[in-house]
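Engineer: The structure's right below; bear with me while I get my questions together.
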Amino acid sequence: MDKADAIRDRRWRQGSVLLPESLPQDCLFEPPLSPTSSEAVLIVLTQDCDLVQSDFGKEPYVEVIRAVPVQNQDGNLLYGKNPRRIHFQIGEVTHEAICHERTRIPRQLLASIDSSSTHVLDSLTLELLRGWIAKRYIRPAFPDTFNGRVRQGPNGKAIRKLLERNGHWFRDIYLMCTPSDEELADGETYEIVVWPTMGSEDFDDQAMRLAATKVVTELEGLLANCSDIKVNECSLRHEGQISLDDLHYVAVWDFDDLSHRGNLTQD
């Protein structure tokens with residue numbers, strides 16, 4: 001049996017979890033990974049067809065990302081809200097991955113080892129992780145001046161704390177900023193529409209919707225107190241209420257934009 005067939009028979013897929021201890025001690029990581037938790041795992045990012053490509057000259061490597069278990073789940077890092085760090089579940093355990101901790105290993109190694117049977121990503125988590133990686137390259141950028149006005153002063157700190165405690169209620173925060181591509185001078189006003197969104201099932205739960213609505217109301221007040229920002233609307237929606245037409249005018253507001261550089265993010 002050739003190695004490509006062996007990889008297929010071992011059922012390697014995008015999202016399979018590789019335990020570092022199953023790799024040879026002399027395994028070459030490109031680029032190298034710095035030492036980390038002994039409980040770290042490696043998640044395969046390479047697409048399924050490339051994993052079983054018969055020509056190892058065309059696809060010599062497998063791309064993986066390291067994930068480590070964490071004790072405290074951060075609402076700001078769920079659902080791919082932060083472009084650099086993400087929290088997600090593997091089984092019952094919360095794990096964190098950092099975008100820069102991606103590397104690659106020789107693909108032929110997968111022909112002789114199995115993926116973990118105790119660490120399994122469900123399909124929704126794989127979709128989330130895949131989208132988070134892709135979004136890093138396509139996410140919109142709002143004006144630096146606008147982001148600075150939100151971050152500065154006591155209101156900015158309060159917004160960060162509010163979303164750190166309560167960000168788990170929201171899948172995304174959609175924002176329309178007018179103007180969307182201009183750096184305004186002091187005294188000139190950005191007008192915004194803000195739509196925090198929940199999953200439809202969560203939205204249908206009255207208690208969950210009420211708790212999220214209270215957070216949205218507090219968020220609206222904090223944004224309204226930011227210098228030279230006018231909040232035209234700040235309302236809770238479920239994901240089904242965001243239409244394709246809406247996406248011509250609003251974009252996901254990364255939670256990274258709401259934090260001071262180096263505070264909630266790692267570059």
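Just remember, in the structure tokens the first chain shown is A, the second B, etc., residues are 1-based per chain, and ligands are 1-based in the order shown.
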Could you list, with a cut-off of 12 Å and counting only C-alpha atoms, the residues of range 192-247 of chain A near range 75-98 of chain A, each shown with its nearest atom pair and the distance in Å rounded to one decimal, rows sorted by chain and ascending number, as a tab-separated table?
Structural biologist:
residue	atom	partner	partner_atom	distance
A:Pro196	CA	A:Lys81	CA	11.7
A:Thr197	CA	A:Tyr79	CA	11.5
A:Met198	CA	A:Tyr79	CA	10.9
A:Gly199	CA	A:Tyr79	CA	10.8
Engineer: Generate the output file for the selected residues, N, CA and C atoms, as an mmCIF file, in the first residue's frame.
Structural biologist:
data_model
loop_
_atom_site.group_PDB
_atom_site.id
_atom_site.type_symbol
_atom_site.label_atom_id
_atom_site.label_comp_id
_atom_site.auth_asym_id
_atom_site.auth_seq_id
_atom_site.Cartn_x
_atom_site.Cartn_y
_atom_site.Cartn_z
ATOM 1 N N PRO A 196 -25.682 43.570 17.443
ATOM 2 C CA PRO A 196 -25.188 42.321 18.029
ATOM 3 C C PRO A 196 -26.154 41.186 17.665
ATOM 4 N N THR A 197 -25.619 40.028 17.294
ATOM 5 C CA THR A 197 -26.479 38.930 16.856
ATOM 6 C C THR A 197 -26.292 37.706 17.741
ATOM 7 N N MET A 198 -27.403 36.991 17.929
ATOM 8 C CA MET A 198 -27.405 35.722 18.653
ATOM 9 C C MET A 198 -27.735 34.604 17.676
ATOM 10 N N GLY A 199 -27.368 33.374 18.044
ATOM 11 C CA GLY A 199 -27.879 32.227 17.309
ATOM 12 C C GLY A 199 -29.393 32.180 17.442
#
Engineer: Pick out the residues sitting within 8 Å of range 167-177 of chain A, and hand them over as a ChimeraX atom specification; count only C-alpha atoms, and ignore anything fewer than 2 positions along from it in its own chain.
Structural biologist: /A:74-76,78-79,81,142,162-165,179-180,190-199,208,212,249-254
Engineer: Out of A:Trp132, A:Trp12, A:Phe29, A:Phe203, which residue has the shortest atom-to-atom distance to Gly240 in chain A when counting only C-alpha atoms?
Structural biologist: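 Looking at the shortest contact to Gly240 in chain A, the residue is A:Phe203.
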Engineer: Could you write out, as a VMD selection string, all the residues of range 3-209 of chain A that DSSP marks as strand (DSSP E or B)?
Structural biologist: chain A and resid 17 to 18 30 41 to 44 61 to 69 85 to 90 93 to 106 172 to 178 190 to 198
Engineer: Go through A:Gln108, A:Cys234, A:Asp144, A:Gln53 one by one, measure the shortest atom-to-atom distance of each to Lys214 in chain A using only C-alpha atoms, and give the residue with the smallest value.
Structural biologist: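 Closest to Lys214 in chain A of all the choices is A:Cys234.
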Engineer: Within 12 Å of Ala4 in chain A, counting only C-alpha atoms, which residues show up once you throw out same-chain ones fewer than 5 positions away? Write them as a list in words, please.
Structural biologist: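 Contacts, with the query itself left out: Asp9, Arg10, Arg11, Trp12, Asp48, Cys49, Asp50, Leu51, Val52, Gln53, Ser54, Asp55, Phe56, Gly57, Glu59, Pro60, Arg107, Gln108, Leu109, Leu110, Ala111 and Ser112 of chain A.
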Engineer: Mind dumping the selected residues with N, CA and C atoms as a PDB file, in the first residue's frame?
Structural biologist:
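So selection15.pdb came out as:
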ATOM      1  N   ASP A   9      -6.768   5.444   4.351  1.00  0.00           N
ATOM      2  CA  ASP A   9      -7.301   4.359   5.171  1.00  0.00           C
ATOM      3  C   ASP A   9      -7.317   4.717   6.652  1.00  0.00           C
ATOM      4  N   ARG A  10      -6.401   5.556   7.072  1.00  0.00           N
ATOM      5  CA  ARG A  10      -6.380   5.999   8.468  1.00  0.00           C
ATOM      6  C   ARG A  10      -7.365   7.140   8.721  1.00  0.00           C
ATOM      7  N   ARG A  11      -8.080   7.517   7.661  1.00  0.00           N
ATOM      8  CA  ARG A  11      -9.190   8.468   7.747  1.00  0.00           C
ATOM      9  C   ARG A  11      -8.760   9.838   8.267  1.00  0.00           C
ATOM     10  N   TRP A  12      -7.606  10.287   7.799  1.00  0.00           N
ATOM     11  CA  TRP A  12      -7.202  11.655   8.115  1.00  0.00           C
ATOM     12  C   TRP A  12      -8.086  12.632   7.355  1.00  0.00           C
ATOM     13  N   ASP A  48      -9.194  18.248   2.701  1.00  0.00           N
ATOM     14  CA  ASP A  48      -9.258  16.789   2.592  1.00  0.00           C
ATOM     15  C   ASP A  48      -8.572  16.245   1.342  1.00  0.00           C
ATOM     16  N   CYS A  49      -8.855  16.835   0.189  1.00  0.00           N
ATOM     17  CA  CYS A  49      -8.295  16.312  -1.059  1.00  0.00           C
ATOM     18  C   CYS A  49      -6.773  16.417  -1.076  1.00  0.00           C
ATOM     19  N   ASP A  50      -6.251  17.488  -0.490  1.00  0.00           N
ATOM     20  CA  ASP A  50      -4.796  17.653  -0.446  1.00  0.00           C
ATOM     21  C   ASP A  50      -4.151  16.655   0.508  1.00  0.00           C
ATOM     22  N   LEU A  51      -4.891  16.240   1.527  1.00  0.00           N
ATOM     23  CA  LEU A  51      -4.346  15.266   2.475  1.00  0.00           C
ATOM     24  C   LEU A  51      -4.072  13.923   1.814  1.00  0.00           C
ATOM     25  N   VAL A  52      -4.909  13.551   0.839  1.00  0.00           N
ATOM     26  CA  VAL A  52      -4.771  12.231   0.207  1.00  0.00           C
ATOM     27  C   VAL A  52      -4.228  12.333  -1.213  1.00  0.00           C
ATOM     28  N   GLN A  53      -3.675  13.490  -1.578  1.00  0.00           N
ATOM     29  CA  GLN A  53      -3.055  13.661  -2.889  1.00  0.00           C
ATOM     30  C   GLN A  53      -1.974  12.597  -3.093  1.00  0.00           C
ATOM     31  N   SER A  54      -2.027  11.918  -4.243  1.00  0.00           N
ATOM     32  CA  SER A  54      -1.087  10.817  -4.483  1.00  0.00           C
ATOM     33  C   SER A  54       0.334  11.293  -4.723  1.00  0.00           C
ATOM     34  N   ASP A  55       0.485  12.522  -5.216  1.00  0.00           N
ATOM     35  CA  ASP A  55       1.806  13.059  -5.541  1.00  0.00           C
ATOM     36  C   ASP A  55       2.330  13.872  -4.356  1.00  0.00           C
ATOM     37  N   PHE A  56       3.303  13.331  -3.653  1.00  0.00           N
ATOM     38  CA  PHE A  56       3.858  14.029  -2.495  1.00  0.00           C
ATOM     39  C   PHE A  56       4.725  15.209  -2.905  1.00  0.00           C
ATOM     40  N   GLY A  57       5.093  15.271  -4.171  1.00  0.00           N
ATOM     41  CA  GLY A  57       5.800  16.443  -4.661  1.00  0.00           C
ATOM     42  C   GLY A  57       4.884  17.647  -4.758  1.00  0.00           C
ATOM     43  N   GLU A  59       2.012  17.997  -2.868  1.00  0.00           N
ATOM     44  CA  GLU A  59       1.536  18.311  -1.512  1.00  0.00           C
ATOM     45  C   GLU A  59       2.453  17.633  -0.492  1.00  0.00           C
ATOM     46  N   PRO A  60       3.638  18.204  -0.265  1.00  0.00           N
ATOM     47  CA  PRO A  60       4.587  17.538   0.636  1.00  0.00           C
ATOM     48  C   PRO A  60       4.278  17.720   2.120  1.00  0.00           C
ATOM     49  N   ARG A 107       3.872  15.423   5.143  1.00  0.00           N
ATOM     50  CA  ARG A 107       2.584  14.729   5.028  1.00  0.00           C
ATOM     51  C   ARG A 107       2.740  13.218   5.132  1.00  0.00           C
ATOM     52  N   GLN A 108       3.854  12.698   4.678  1.00  0.00           N
ATOM     53  CA  GLN A 108       4.039  11.250   4.677  1.00  0.00           C
ATOM     54  C   GLN A 108       3.978  10.649   6.082  1.00  0.00           C
ATOM     55  N   LEU A 109       4.202  11.473   7.111  1.00  0.00           N
ATOM     56  CA  LEU A 109       4.133  10.962   8.483  1.00  0.00           C
ATOM     57  C   LEU A 109       2.743  10.436   8.825  1.00  0.00           C
ATOM     58  N   LEU A 110       1.714  10.996   8.196  1.00  0.00           N
ATOM     59  CA  LEU A 110       0.344  10.583   8.514  1.00  0.00           C
ATOM     60  C   LEU A 110       0.057   9.159   8.062  1.00  0.00           C
ATOM     61  N   ALA A 111       0.900   8.618   7.194  1.00  0.00           N
ATOM     62  CA  ALA A 111       0.689   7.256   6.704  1.00  0.00           C
ATOM     63  C   ALA A 111       0.940   6.211   7.780  1.00  0.00           C
ATOM     64  N   SER A 112       1.637   6.594   8.842  1.00  0.00           N
ATOM     65  CA  SER A 112       2.020   5.607   9.853  1.00  0.00           C
ATOM     66  C   SER A 112       1.494   5.924  11.247  1.00  0.00           C
TER      67      SER A 112
END
Engineer: Quick check, in Å to one decimal: how far apart do CA of Tyr137 in chain A and CA of Gly15 in chain A lie?
Structural biologist: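 Spanning CA of Tyr137 in chain A to CA of Gly15 in chain A is a straight-line distance of 20.0 Å.
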Engineer: Using only C-alpha atoms, which of A:Glu21, A:Glu188, A:Asp205, A:Glu182 sits nearest Ser116 in chain A?
Structural biologist: A:Glu21
Engineer: Where does DSSP see alpha helix (DSSP H) in range 25-253 of chain A, if you list the residues as a PyMOL selection string?
Structural biologist: chain A and resi 48-51+123-138+144-151+153-166+200-204+206-224
Engineer: Between CA of Arg209 in chain A and CA of Glu239 in chain A, what is the spacing in Å?
Structural biologist: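 It comes out at 13.0 Å.
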Engineer: Go through A:Gln241, A:Leu184, A:Ile159, A:Lys58 and flag the residue nearest Thr217 in chain A, using only C-alpha atoms for the distances.
Structural biologist: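 Of the candidates, the smallest distance to Thr217 in chain A is held by A:Ile159.
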Engineer: Could you state the separation of CA of Ser115 in chain A and CA of Asp26 in chain A in Å, given to one decimal place?
Structural biologist: 18.9 Å
